[in-house]
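Raw data_32.tsv, TSV, C-alpha atoms:
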chain	number	residue	atom	x	y	z
A	1	MET	CA	32.29	-110.87	83.09
A	2	LYS	CA	31.96	-112.07	79.49
A	3	HIS	CA	28.75	-111.60	77.56
A	4	ARG	CA	27.24	-115.07	77.09
A	5	ILE	CA	25.76	-115.82	73.68
A	6	VAL	CA	23.92	-119.12	73.27
A	7	VAL	CA	22.85	-120.34	69.84
A	8	LEU	CA	20.15	-123.01	69.82
A	9	GLY	CA	20.40	-125.10	66.67
A	10	ALA	CA	23.24	-125.48	64.15
A	11	GLY	CA	21.34	-125.67	60.90
A	12	TYR	CA	21.83	-123.21	58.06
A	13	ALA	CA	20.84	-120.19	60.17
A	14	GLY	CA	22.38	-121.18	63.51
A	15	ALA	CA	25.74	-122.31	62.17
A	16	TYR	CA	26.10	-119.14	60.12
A	17	ALA	CA	25.18	-116.91	63.06
A	18	ALA	CA	27.61	-118.60	65.46
A	19	GLY	CA	30.55	-118.39	63.05
A	20	ASN	CA	29.76	-114.80	62.09
A	21	LEU	CA	29.61	-113.67	65.71
A	22	ALA	CA	32.83	-115.52	66.56
A	23	ARG	CA	34.67	-113.74	63.77
A	24	ARG	CA	33.36	-110.26	64.59
A	25	LEU	CA	33.27	-110.15	68.40
A	26	SER	CA	36.34	-110.23	70.64
A	27	PRO	CA	36.73	-113.46	72.65
A	28	ALA	CA	37.99	-111.30	75.50
A	29	ASP	CA	34.44	-110.02	75.97
A	30	THR	CA	32.20	-112.80	74.65
A	31	GLY	CA	31.64	-116.51	75.06
A	32	ILE	CA	29.66	-118.30	72.35
A	33	THR	CA	28.02	-121.69	72.87
A	34	VAL	CA	26.13	-123.65	70.22
A	35	VAL	CA	23.64	-126.29	71.33
A	36	ASN	CA	22.66	-128.89	68.74
A	37	ALA	CA	20.91	-132.23	69.12
A	38	VAL	CA	23.28	-134.10	66.78
A	39	PRO	CA	27.06	-133.77	66.26
A	40	GLU	CA	26.81	-133.25	62.49
A	41	PHE	CA	25.65	-130.46	60.24
A	42	VAL	CA	22.53	-131.73	58.48
A	43	GLN	CA	21.97	-130.64	54.89
A	44	ARG	CA	18.22	-130.51	55.26
A	45	LEU	CA	17.72	-129.37	51.68
A	46	ARG	CA	19.28	-132.64	50.49
A	47	LEU	CA	17.47	-135.08	52.77
A	48	HIS	CA	15.18	-136.23	49.96
A	49	GLN	CA	18.33	-137.23	48.10
A	50	LEU	CA	19.57	-139.15	51.12
A	51	ALA	CA	16.23	-140.95	51.35
A	52	ALA	CA	16.39	-141.84	47.66
A	53	GLY	CA	19.72	-143.63	48.20
A	54	GLN	CA	22.40	-141.01	47.56
A	55	GLU	CA	25.32	-140.27	49.86
A	56	ILE	CA	25.10	-136.77	51.35
A	57	ALA	CA	27.93	-135.12	53.29
A	58	ALA	CA	27.36	-134.47	56.99
A	59	PRO	CA	30.35	-132.47	58.33
A	60	LYS	CA	31.16	-132.84	62.00
A	61	LEU	CA	30.23	-129.65	63.84
A	62	ALA	CA	33.35	-130.01	65.98
A	63	ASP	CA	35.35	-129.61	62.75
A	64	VAL	CA	33.14	-126.79	61.50
A	65	PHE	CA	33.75	-124.70	64.63
A	66	ALA	CA	37.38	-125.74	65.19
A	67	GLY	CA	39.56	-122.70	65.77
A	68	THR	CA	36.64	-120.28	66.03
A	69	GLY	CA	36.40	-120.21	69.81
A	70	VAL	CA	32.79	-121.45	69.62
A	71	ARG	CA	31.94	-124.06	72.24
A	72	LEU	CA	29.77	-126.93	70.95
A	73	ARG	CA	27.30	-128.66	73.25
A	74	VAL	CA	25.69	-131.75	71.70
A	75	ALA	CA	22.40	-131.86	73.57
A	76	ARG	CA	18.66	-131.59	73.13
A	77	VAL	CA	16.97	-128.38	74.27
A	78	THR	CA	14.10	-129.24	76.62
A	79	ALA	CA	13.05	-125.83	77.95
A	80	VAL	CA	13.60	-122.11	77.47
A	81	ASP	CA	13.08	-119.63	80.30
A	82	PRO	CA	13.48	-116.12	78.86
A	83	ASP	CA	12.55	-114.43	82.13
A	84	ARG	CA	15.51	-116.11	83.88
A	85	ARG	CA	17.62	-116.03	80.70
A	86	ALA	CA	18.31	-119.74	80.86
A	87	VAL	CA	17.82	-122.85	78.73
A	88	THR	CA	17.61	-126.44	79.93
A	89	VAL	CA	19.30	-129.19	77.91
A	90	ALA	CA	19.49	-132.98	78.07
A	91	ASP	CA	22.47	-135.04	76.95
A	92	ALA	CA	24.25	-138.31	77.69
A	93	ASP	CA	25.62	-136.85	80.92
A	94	GLY	CA	22.19	-135.84	82.21
A	95	GLY	CA	22.14	-132.30	80.86
A	96	GLY	CA	21.72	-129.15	82.89
A	97	GLU	CA	21.07	-125.45	82.49
A	98	LEU	CA	22.82	-122.80	80.44
A	99	GLY	CA	22.54	-119.12	81.25
A	100	TYR	CA	22.73	-116.50	78.54
A	101	ASP	CA	22.78	-112.76	77.95
A	102	THR	CA	21.85	-113.05	74.28
A	103	LEU	CA	19.99	-116.02	72.83
A	104	PHE	CA	19.80	-117.05	69.18
A	105	TYR	CA	16.79	-119.29	68.72
A	106	ALA	CA	17.36	-121.31	65.53
A	107	LEU	CA	15.71	-124.66	66.26
A	108	GLY	CA	13.97	-124.79	62.90
A	109	SER	CA	10.90	-126.82	62.06
A	110	HIS	CA	9.73	-130.39	61.55
A	111	GLY	CA	7.11	-132.20	59.50
A	112	ASP	CA	3.55	-131.35	60.49
A	113	ASP	CA	1.51	-134.53	60.88
A	114	ARG	CA	-0.46	-133.49	63.96
A	115	HIS	CA	-3.93	-133.36	62.45
A	116	VAL	CA	-4.07	-136.57	60.41
A	117	PRO	CA	-4.78	-139.86	62.21
A	118	GLY	CA	-2.09	-142.46	61.63
A	119	ALA	CA	0.42	-140.14	59.95
A	120	ALA	CA	2.81	-140.07	62.91
A	121	GLU	CA	2.61	-143.84	63.38
A	122	HIS	CA	2.70	-145.08	59.80
A	123	ALA	CA	4.14	-142.38	57.52
A	124	PHE	CA	7.78	-141.60	56.77
A	125	ASP	CA	9.21	-138.10	56.33
A	126	VAL	CA	12.40	-136.33	55.28
A	127	GLY	CA	12.46	-133.71	58.04
A	128	SER	CA	15.60	-135.05	59.73
A	129	ARG	CA	18.57	-137.21	58.85
A	130	PRO	CA	17.38	-140.22	60.93
A	131	ALA	CA	13.93	-139.95	59.35
A	132	ALA	CA	15.40	-139.84	55.84
A	133	LEU	CA	17.54	-142.89	56.61
A	134	ARG	CA	14.49	-144.80	57.86
A	135	LEU	CA	12.72	-144.06	54.59
A	136	ARG	CA	15.83	-145.09	52.67
A	137	GLU	CA	15.89	-148.42	54.49
A	138	ARG	CA	12.24	-148.97	53.61
A	139	LEU	CA	12.85	-148.19	49.94
A	140	ASP	CA	15.87	-150.51	49.93
A	141	GLY	CA	13.61	-153.26	51.24
A	142	LEU	CA	10.98	-152.66	48.56
A	143	CYS	CA	13.55	-152.69	45.79
A	144	GLY	CA	15.33	-155.70	47.27
A	145	ARG	CA	12.30	-157.96	47.16
A	146	GLY	CA	12.21	-157.67	43.37
A	147	GLU	CA	8.50	-156.97	43.18
A	148	GLY	CA	8.60	-153.18	43.26
A	149	GLY	CA	6.13	-151.31	45.41
A	150	ASN	CA	3.92	-148.27	45.72
A	151	VAL	CA	5.35	-145.07	47.22
A	152	LEU	CA	2.82	-142.42	48.13
A	153	VAL	CA	4.11	-138.86	48.67
A	154	VAL	CA	1.49	-136.70	50.39
A	155	GLY	CA	1.96	-132.95	49.95
A	156	ASP	CA	2.71	-130.94	46.82
A	157	GLY	CA	4.89	-128.23	48.33
A	158	LEU	CA	8.52	-127.99	47.32
A	159	THR	CA	9.56	-130.84	49.62
A	160	GLY	CA	6.87	-133.14	48.26
A	161	ILE	CA	7.71	-132.35	44.64
A	162	GLU	CA	11.43	-132.86	45.17
A	163	THR	CA	10.92	-136.07	47.15
A	164	ALA	CA	8.58	-137.64	44.61
A	165	THR	CA	10.74	-136.83	41.59
A	166	GLU	CA	13.98	-137.84	43.33
A	167	ILE	CA	12.62	-141.24	44.37
A	168	ALA	CA	11.14	-141.84	40.93
A	169	GLU	CA	14.45	-141.11	39.22
A	170	SER	CA	16.66	-143.00	41.70
A	171	ARG	CA	14.30	-145.96	42.18
A	172	PRO	CA	12.75	-146.65	38.74
A	173	GLY	CA	11.39	-150.00	39.93
A	174	LEU	CA	8.95	-148.28	42.29
A	175	SER	CA	5.61	-146.71	41.43
A	176	VAL	CA	5.48	-143.16	42.82
A	177	THR	CA	2.29	-141.16	43.35
A	178	LEU	CA	2.22	-137.51	44.39
A	179	VAL	CA	-0.94	-136.37	46.18
A	180	ALA	CA	-1.76	-132.66	45.79
A	181	ARG	CA	-4.46	-130.98	47.85
A	182	GLY	CA	-5.00	-128.43	45.07
A	183	GLU	CA	-3.52	-127.86	41.63
A	184	LEU	CA	0.03	-129.15	41.22
A	185	GLY	CA	2.50	-126.25	41.39
A	186	ALA	CA	-0.27	-123.71	41.98
A	187	ARG	CA	2.19	-121.04	43.12
A	188	LEU	CA	4.34	-121.36	40.00
A	189	SER	CA	3.88	-119.52	36.71
A	190	ALA	CA	1.91	-121.23	33.95
A	191	GLY	CA	5.10	-122.13	32.11
A	192	ALA	CA	6.74	-123.58	35.20
A	193	ARG	CA	3.61	-125.60	36.00
A	194	GLY	CA	3.74	-127.08	32.53
A	195	HIS	CA	7.41	-127.93	32.96
A	196	LEU	CA	6.66	-129.61	36.29
A	197	ARG	CA	3.89	-131.74	34.75
A	198	ARG	CA	6.16	-132.84	31.90
A	199	ALA	CA	8.87	-133.78	34.40
A	200	CYS	CA	6.42	-135.90	36.39
A	201	ASP	CA	5.26	-137.60	33.20
A	202	ARG	CA	8.85	-138.26	32.12
A	203	LEU	CA	9.74	-139.78	35.50
A	204	GLY	CA	6.55	-141.80	35.73
A	205	VAL	CA	5.15	-139.93	38.75
A	206	THR	CA	1.38	-140.24	38.99
A	207	VAL	CA	-0.17	-136.96	40.19
A	208	LEU	CA	-3.49	-136.86	42.03
A	209	GLU	CA	-4.75	-133.29	42.27
A	210	HIS	CA	-7.51	-131.90	44.49
A	211	THR	CA	-7.11	-134.89	46.78
A	212	GLU	CA	-6.89	-134.73	50.56
A	213	VAL	CA	-5.59	-137.59	52.69
A	214	GLU	CA	-7.51	-137.76	55.96
A	215	ALA	CA	-5.99	-140.92	57.50
A	216	VAL	CA	-2.89	-143.06	57.08
A	217	GLU	CA	-2.70	-146.78	57.75
A	218	ALA	CA	0.17	-149.24	57.47
A	219	THR	CA	-0.53	-150.23	53.85
A	220	ARG	CA	-2.89	-147.56	52.57
A	221	ALA	CA	-4.08	-143.97	52.80
A	222	LEU	CA	-7.72	-142.93	53.09
A	223	CYS	CA	-8.88	-139.84	51.21
A	224	ALA	CA	-11.67	-137.42	52.06
A	225	ASP	CA	-13.63	-138.40	48.92
A	226	GLY	CA	-13.59	-142.08	49.89
A	227	THR	CA	-10.70	-143.08	47.65
A	228	VAL	CA	-8.33	-145.66	49.12
A	229	LEU	CA	-4.71	-145.51	47.96
A	230	ALA	CA	-2.54	-148.59	48.40
A	231	SER	CA	0.90	-147.74	49.72
A	232	ASP	CA	3.98	-149.69	50.72
A	233	ALA	CA	5.62	-146.48	51.94
A	234	THR	CA	3.70	-143.26	52.63
A	235	VAL	CA	5.89	-140.15	52.81
A	236	TRP	CA	4.36	-137.21	54.66
A	237	THR	CA	5.44	-133.79	53.35
A	238	ALA	CA	2.21	-131.85	53.88
A	239	GLY	CA	3.55	-128.83	55.74
A	240	PHE	CA	5.95	-127.99	58.53
A	241	ALA	CA	5.56	-126.90	62.14
A	242	VAL	CA	7.82	-125.55	64.88
A	243	GLY	CA	8.26	-127.06	68.31
A	244	PRO	CA	6.42	-125.86	71.42
A	245	LEU	CA	9.42	-124.64	73.44
A	246	ALA	CA	9.12	-120.94	72.61
A	247	ALA	CA	5.42	-120.80	73.44
A	248	ALA	CA	5.89	-122.86	76.61
A	249	GLY	CA	8.63	-120.50	77.76
A	250	GLY	CA	6.39	-117.43	77.49
A	251	LEU	CA	7.82	-115.84	74.34
A	252	GLU	CA	5.35	-113.98	72.15
A	253	VAL	CA	4.50	-116.38	69.33
A	254	THR	CA	2.08	-116.67	66.43
A	255	GLY	CA	-0.70	-119.22	66.32
A	256	ASP	CA	1.68	-121.73	64.72
A	257	GLY	CA	4.31	-121.24	67.43
A	258	ARG	CA	6.86	-119.05	65.62
A	259	ILE	CA	8.50	-116.26	67.62
A	260	VAL	CA	7.26	-112.80	66.67
A	261	VAL	CA	10.26	-110.57	65.93
A	262	ASP	CA	10.93	-106.99	64.90
A	263	HIS	CA	13.08	-105.96	61.93
A	264	ALA	CA	16.24	-106.63	63.96
A	265	MET	CA	15.04	-110.24	64.52
A	266	ARG	CA	14.54	-109.49	68.23
A	267	SER	CA	11.62	-111.04	70.08
A	268	ILE	CA	9.01	-108.36	70.68
A	269	SER	CA	8.39	-109.74	74.17
A	270	HIS	CA	12.00	-110.54	75.17
A	271	PRO	CA	14.47	-108.37	73.21
A	272	GLU	CA	17.53	-110.33	74.36
A	273	VAL	CA	16.19	-113.26	72.28
A	274	HIS	CA	16.81	-113.26	68.54
A	275	ALA	CA	14.86	-115.76	66.44
A	276	VAL	CA	16.04	-116.75	62.97
A	277	GLY	CA	15.09	-119.19	60.24
A	278	ASP	CA	11.92	-121.23	60.46
A	279	SER	CA	11.59	-120.40	64.17
A	280	ALA	CA	10.88	-116.74	63.44
A	281	HIS	CA	7.78	-114.95	62.24
A	282	ALA	CA	9.54	-112.16	60.37
A	283	VAL	CA	8.05	-109.56	58.06
A	284	GLY	CA	10.18	-108.89	55.00
A	285	ASP	CA	11.03	-105.59	53.37
A	286	ASP	CA	7.97	-106.05	51.15
A	287	GLY	CA	5.64	-106.14	54.17
A	288	LEU	CA	4.89	-109.86	53.76
A	289	PRO	CA	5.81	-112.62	56.25
A	290	LEU	CA	8.85	-114.58	55.14
A	291	PRO	CA	8.08	-118.22	54.32
A	292	MET	CA	9.89	-121.11	55.96
A	293	SER	CA	12.86	-121.66	53.63
A	294	CYS	CA	16.63	-121.82	53.39
A	295	ALA	CA	16.67	-118.36	51.82
A	296	SER	CA	14.75	-116.93	54.78
A	297	ALA	CA	17.21	-118.61	57.13
A	298	GLY	CA	20.10	-116.82	55.48
A	299	TYR	CA	18.49	-113.39	55.40
A	300	THR	CA	17.24	-113.52	58.98
A	301	ALA	CA	20.57	-114.82	60.28
A	302	MET	CA	22.46	-111.99	58.56
A	303	ARG	CA	20.03	-109.38	59.90
A	304	ALA	CA	20.18	-110.80	63.44
A	305	THR	CA	23.97	-111.04	63.65
A	306	ALA	CA	24.35	-107.50	62.31
A	307	SER	CA	21.90	-106.34	64.98
A	308	VAL	CA	23.75	-108.09	67.80
A	309	VAL	CA	27.17	-106.86	66.71
A	310	GLY	CA	25.89	-103.30	66.43
A	311	ARG	CA	24.16	-103.37	69.81
A	312	LEU	CA	27.06	-104.93	71.72
A	313	THR	CA	29.87	-102.90	70.16
A	314	GLY	CA	28.12	-99.56	69.83
A	315	ARG	CA	28.64	-99.62	66.07
A	316	LYS	CA	26.03	-98.93	63.44
A	317	ALA	CA	24.37	-102.17	62.41
A	318	THR	CA	25.05	-103.18	58.82
A	319	HIS	CA	21.84	-103.11	56.82
A	320	THR	CA	20.99	-106.40	55.15
A	321	LYS	CA	17.94	-107.01	53.00
A	322	LEU	CA	15.07	-109.09	54.24
A	323	GLY	CA	13.30	-110.46	51.23
A	324	TYR	CA	12.19	-113.51	49.31
A	325	VAL	CA	13.13	-113.67	45.66
A	326	GLY	CA	11.85	-117.05	44.54
A	327	ASN	CA	12.01	-120.84	44.61
A	328	HIS	CA	14.53	-123.28	43.21
A	329	ILE	CA	13.14	-126.78	42.81
A	330	SER	CA	15.08	-129.91	41.91
A	331	LEU	CA	13.34	-132.53	39.77
A	332	GLY	CA	15.85	-135.33	40.13
A	333	ARG	CA	19.52	-134.73	39.35
A	334	ARG	CA	19.20	-133.47	35.78
A	335	ASP	CA	16.16	-131.22	35.83
A	336	GLY	CA	14.82	-128.35	37.89
A	337	ILE	CA	12.85	-125.12	38.03
A	338	LEU	CA	14.00	-121.66	39.09
A	339	GLN	CA	10.94	-119.48	39.68
A	340	LEU	CA	11.39	-115.83	40.66
A	341	VAL	CA	8.62	-113.87	42.40
A	342	ASP	CA	7.62	-110.22	42.33
A	343	GLY	CA	7.39	-107.73	45.19
A	344	GLU	CA	4.10	-109.23	46.34
A	345	GLY	CA	5.33	-112.81	46.35
A	346	ARG	CA	3.59	-113.78	43.09
A	347	ALA	CA	5.36	-115.86	40.47
A	348	LYS	CA	6.82	-113.91	37.58
A	349	PRO	CA	5.80	-115.13	34.13
A	350	LYS	CA	9.29	-116.24	33.12
A	351	TYR	CA	11.12	-119.16	34.70
A	352	LEU	CA	14.28	-121.19	34.14
A	353	GLY	CA	13.87	-124.95	33.70
A	354	GLY	CA	15.86	-128.01	32.73
A	355	ARG	CA	19.55	-128.74	33.25
A	356	LYS	CA	20.46	-125.08	33.74
A	357	ALA	CA	18.01	-124.78	36.62
A	358	ALA	CA	19.34	-128.04	38.08
A	359	ARG	CA	22.89	-126.68	37.94
A	360	VAL	CA	21.77	-123.44	39.64
A	361	LYS	CA	20.12	-125.44	42.43
A	362	GLU	CA	23.20	-127.64	42.81
A	363	GLY	CA	25.40	-124.54	42.97
A	364	ILE	CA	23.23	-122.95	45.67
A	365	LEU	CA	23.33	-126.12	47.76
A	366	GLY	CA	27.07	-126.48	47.31
A	367	MET	CA	27.63	-122.87	48.33
A	368	SER	CA	25.39	-123.31	51.37
A	369	LEU	CA	27.38	-126.35	52.50
A	370	TRP	CA	30.73	-124.66	51.93
A	371	THR	CA	29.84	-121.45	53.74
A	372	THR	CA	28.40	-123.42	56.65
A	373	SER	CA	31.49	-125.63	56.84
A	374	HIS	CA	33.69	-122.50	56.80
A	375	PRO	CA	31.66	-120.19	59.04
A	376	THR	CA	34.24	-117.45	59.41
A	377	PHE	CA	35.52	-117.29	55.83
A	378	GLY	CA	35.23	-113.90	54.21
A	379	LEU	CA	34.11	-112.08	57.34
A	380	PRO	CA	35.99	-109.13	58.83
A	381	ARG	CA	39.12	-110.27	60.63
A	382	HIS	CA	38.97	-107.49	63.18
A	383	ARG	CA	37.16	-108.64	66.31
A	384	HIS	CA	35.41	-105.73	67.96
A	385	ARG	CA	35.49	-105.16	71.69
A	386	LEU	CA	32.17	-104.77	73.44
A	387	VAL	CA	30.89	-101.57	74.97
A	388	ALA	CA	31.25	-101.93	78.74
A	389	ALA	CA	28.59	-100.81	81.18
A	390	THR	CA	28.92	-100.35	84.93
A	391	THR	CA	26.55	-102.36	87.10
A	392	PRO	CA	25.04	-100.98	90.36
A	393	SER	CA	27.72	-102.91	92.28
A	394	GLY	CA	30.46	-101.12	90.39
A	395	GLU	CA	31.51	-104.10	88.25
A	396	LYS	CA	32.00	-103.93	84.50
A	397	SER	CA	29.60	-105.93	82.36
A	398	PHE	CA	28.73	-106.06	78.68
A	399	ALA	CA	25.24	-105.13	77.54

Show this structure as structure tokens.
Amino acid sequence: MKHRIVVLGAGYAGAYAAGNLARRLSPADTGITVVNAVPEFVQRLRLHQLAAGQEIAAPKLADVFAGTGVRLRVARVTAVDPDRRAVTVADADGGGELGYDTLFYALGSHGDDRHVPGAAEHAFDVGSRPAALRLRERLDGLCGRGEGGNVLVVGDGLTGIETATEIAESRPGLSVTLVARGELGARLSAGARGHLRRACDRLGVTVLEHTEVEAVEATRALCADGTVLASDATVWTAGFAVGPLAAAGGLEVTGDGRIVVDHAMRSISHPEVHAVGDSAHAVGDDGLPLPMSCASAGYTAMRATASVVGRLTGRKATHTKLGYVGNHISLGRRDGILQLVDGEGRAKPKYLGGRKAARVKEGILGMSLWTTSHPTFGLPRHRHRLVAATTPSGEKSFA
């Protein structure tokens, strides 16, 4: 009987893991199924560009996995039962249940608007392709009426900064305001913070620091200090959260719902489950939890696939680093910031800014798309057979 590997989610981490496993494990012993809610690969790191009006590639996952032996199931995951080693999915045909021997949990995260009244009803976000397209349609409408409009971006994390600057550059007829709960770019070095402020000034982005939005309405946002901000389109980028499926299924999770894993990316409560990307609470080589990011998705996916291949084939797992080296921030298409961090996650004094940083960011995104679209390129061509074990009934199975 083949060892069943199910990968939940085909984002940066899930798509990489599925292709890597398909290239390294023999199809005679393994069957790999990827479950994803949409049929395309979503470049989440470019969704602010899509919202601003740019065309962003969305490769068909059927083409991505063509010839790899990976089976694609376009469906929404509705439940995970790690005790029974099964997941429940819903699709156009009614869905059903998938059994697994090894599970890769890579369902990622979404915008966190749970604690602010009106945010879910009235605010836009760039957490998914449909959401980015809804915002794009709204911006098109504002620009089309010829009177401009006010765009309010709430949240000064990387997503908020990139969204505000991208919209300001692509839609110069709109007035863009970025609301920061604390100091703008607080985690950056002093030089990088200065560069960020100059970029906002150049693009006409109004920055409101030390301001907290406590309610969102259709045409305005209400702040904790009593300030009322008029808004024709409020974009919510104030944090991310994971879905409730892991916690509901009984997996050991943190308070924010991420699966607690060991250094092999295995769930500490259900070792046959590997969590990667934003879904995982992983501690890096520096002893600090990895932040939700594309970089973390890559490192955790590499560590998890190496762990699975080693365990199933009896080979020594390839050691891959588990770290976080810094942030790359786009400020429109012609400017950016590359900020490296030290071993304790603090910004180093030096940074790279301007067109060079923008080109670095563009190169990273292009490489991420290419490697995801070619999931087996550059990996070992030899597919390893699994180590067989004898069950109590005398049959051969694969651990």

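Closest approach to Arg355 (chain A) from the set A:Ile259, A:Leu322, A:Ala199, A:Ala241 is made by A:Ala199, with distances taken over only C-alpha atoms.
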
Report, in Å with one decimal, the straight-line distance from CA of Lys348 (chain A) to CA of Tyr324 (chain A). 12.9 Å

Pick out the residues sitting within 6 Å of region 296-312 of chain A, and hand them over as a list in words; count all atoms listed in the file, and ignore anything fewer than 2 positions along from it in its own chain.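 Listing them by chain and then by number gives Ala13, Ala17, Ala264, Met265, Val276, Gly277, Ser293, Cys294, Gly314, Arg315, Lys316, Ala317, Thr318, Thr320, Leu322 and Leu386 of chain A.
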
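When only C-alpha atoms are used to compute distances to His263 (chain A), the closest of the residues A:His3, A:Arg71, A:His319, A:Arg220 turns out to be A:His319.
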
Under the rule that only C-alpha atoms are counted, which of A:Leu45, A:Ala246, A:Val235, A:Leu203 is the nearest residue to Val77 (chain A)? A:Ala246

Can you tell me how far CA of Arg198 (chain A) sits from CA of Arg138 (chain A), in Å to one decimal?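 About the pair CA of Arg198 (chain A) and CA of Arg138 (chain A): they are 27.7 Å apart.
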
How many Å lie between CA of Gly226 (chain A) and CA of Thr177 (chain A), rounded to one decimal? 17.2 Å

Residue nearest Ser189 (chain A) among A:Gly9, A:Gly366, A:Gly155, A:Gly345 (counting all atoms listed in the file):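 The answer is A:Gly345, which sits nearest to Ser189 (chain A).
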
From the list A:Gly160, A:Pro289, A:Gly332, A:Gly118, which residue is nearest Ala357 (chain A) when using only C-alpha atoms?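 Distance minimum relative to Ala357 (chain A) lands on A:Gly332.
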
N, CA and C atoms modelled onto region 64-83 of chain A, as a PDB file, in the frame of the given file:
ATOM      1  N   VAL A  64      33.642-128.060  62.028  1.00  0.00           N
ATOM      2  CA  VAL A  64      33.140-126.790  61.500  1.00  0.00           C
ATOM      3  C   VAL A  64      33.564-125.623  62.387  1.00  0.00           C
ATOM      4  N   PHE A  65      33.460-125.798  63.707  1.00  0.00           N
ATOM      5  CA  PHE A  65      33.750-124.700  64.630  1.00  0.00           C
ATOM      6  C   PHE A  65      35.173-124.730  65.181  1.00  0.00           C
ATOM      7  N   ALA A  66      35.997-125.656  64.709  1.00  0.00           N
ATOM      8  CA  ALA A  66      37.380-125.740  65.190  1.00  0.00           C
ATOM      9  C   ALA A  66      38.120-124.440  64.907  1.00  0.00           C
ATOM     10  N   GLY A  67      38.768-123.918  65.915  1.00  0.00           N
ATOM     11  CA  GLY A  67      39.560-122.700  65.770  1.00  0.00           C
ATOM     12  C   GLY A  67      38.775-121.415  65.811  1.00  0.00           C
ATOM     13  N   THR A  68      37.460-121.489  65.999  1.00  0.00           N
ATOM     14  CA  THR A  68      36.640-120.280  66.030  1.00  0.00           C
ATOM     15  C   THR A  68      36.438-119.750  67.446  1.00  0.00           C
ATOM     16  N   GLY A  69      36.687-120.590  68.437  1.00  0.00           N
ATOM     17  CA  GLY A  69      36.400-120.210  69.810  1.00  0.00           C
ATOM     18  C   GLY A  69      34.983-120.544  70.239  1.00  0.00           C
ATOM     19  N   VAL A  70      34.164-121.062  69.304  1.00  0.00           N
ATOM     20  CA  VAL A  70      32.790-121.450  69.620  1.00  0.00           C
ATOM     21  C   VAL A  70      32.806-122.775  70.374  1.00  0.00           C
ATOM     22  N   ARG A  71      32.070-122.829  71.462  1.00  0.00           N
ATOM     23  CA  ARG A  71      31.940-124.060  72.240  1.00  0.00           C
ATOM     24  C   ARG A  71      30.709-124.819  71.747  1.00  0.00           C
ATOM     25  N   LEU A  72      30.867-126.110  71.432  1.00  0.00           N
ATOM     26  CA  LEU A  72      29.770-126.930  70.950  1.00  0.00           C
ATOM     27  C   LEU A  72      29.249-127.809  72.081  1.00  0.00           C
ATOM     28  N   ARG A  73      27.945-127.791  72.269  1.00  0.00           N
ATOM     29  CA  ARG A  73      27.300-128.660  73.250  1.00  0.00           C
ATOM     30  C   ARG A  73      26.288-129.528  72.491  1.00  0.00           C
ATOM     31  N   VAL A  74      26.601-130.826  72.367  1.00  0.00           N
ATOM     32  CA  VAL A  74      25.690-131.750  71.700  1.00  0.00           C
ATOM     33  C   VAL A  74      24.638-132.174  72.716  1.00  0.00           C
ATOM     34  N   ALA A  75      23.467-131.616  72.591  1.00  0.00           N
ATOM     35  CA  ALA A  75      22.400-131.860  73.570  1.00  0.00           C
ATOM     36  C   ALA A  75      21.078-131.446  72.959  1.00  0.00           C
ATOM     37  N   ARG A  76      20.010-131.926  73.560  1.00  0.00           N
ATOM     38  CA  ARG A  76      18.660-131.590  73.130  1.00  0.00           C
ATOM     39  C   ARG A  76      18.104-130.511  74.059  1.00  0.00           C
ATOM     40  N   VAL A  77      17.564-129.454  73.480  1.00  0.00           N
ATOM     41  CA  VAL A  77      16.970-128.380  74.270  1.00  0.00           C
ATOM     42  C   VAL A  77      15.598-128.839  74.750  1.00  0.00           C
ATOM     43  N   THR A  78      15.381-128.783  76.059  1.00  0.00           N
ATOM     44  CA  THR A  78      14.100-129.240  76.620  1.00  0.00           C
ATOM     45  C   THR A  78      13.251-128.109  77.161  1.00  0.00           C
ATOM     46  N   ALA A  79      13.835-126.950  77.430  1.00  0.00           N
ATOM     47  CA  ALA A  79      13.050-125.830  77.950  1.00  0.00           C
ATOM     48  C   ALA A  79      13.810-124.528  77.739  1.00  0.00           C
ATOM     49  N   VAL A  80      13.046-123.459  77.568  1.00  0.00           N
ATOM     50  CA  VAL A  80      13.600-122.110  77.470  1.00  0.00           C
ATOM     51  C   VAL A  80      12.880-121.233  78.479  1.00  0.00           C
ATOM     52  N   ASP A  81      13.653-120.521  79.289  1.00  0.00           N
ATOM     53  CA  ASP A  81      13.080-119.630  80.300  1.00  0.00           C
ATOM     54  C   ASP A  81      13.624-118.224  80.052  1.00  0.00           C
ATOM     55  N   PRO A  82      12.963-117.442  79.199  1.00  0.00           N
ATOM     56  CA  PRO A  82      13.480-116.120  78.860  1.00  0.00           C
ATOM     57  C   PRO A  82      13.456-115.129  80.021  1.00  0.00           C
ATOM     58  N   ASP A  83      12.584-115.340  80.984  1.00  0.00           N
ATOM     59  CA  ASP A  83      12.550-114.430  82.130  1.00  0.00           C
ATOM     60  C   ASP A  83      13.798-114.602  82.996  1.00  0.00           C
TER      61      ASP A  83
END
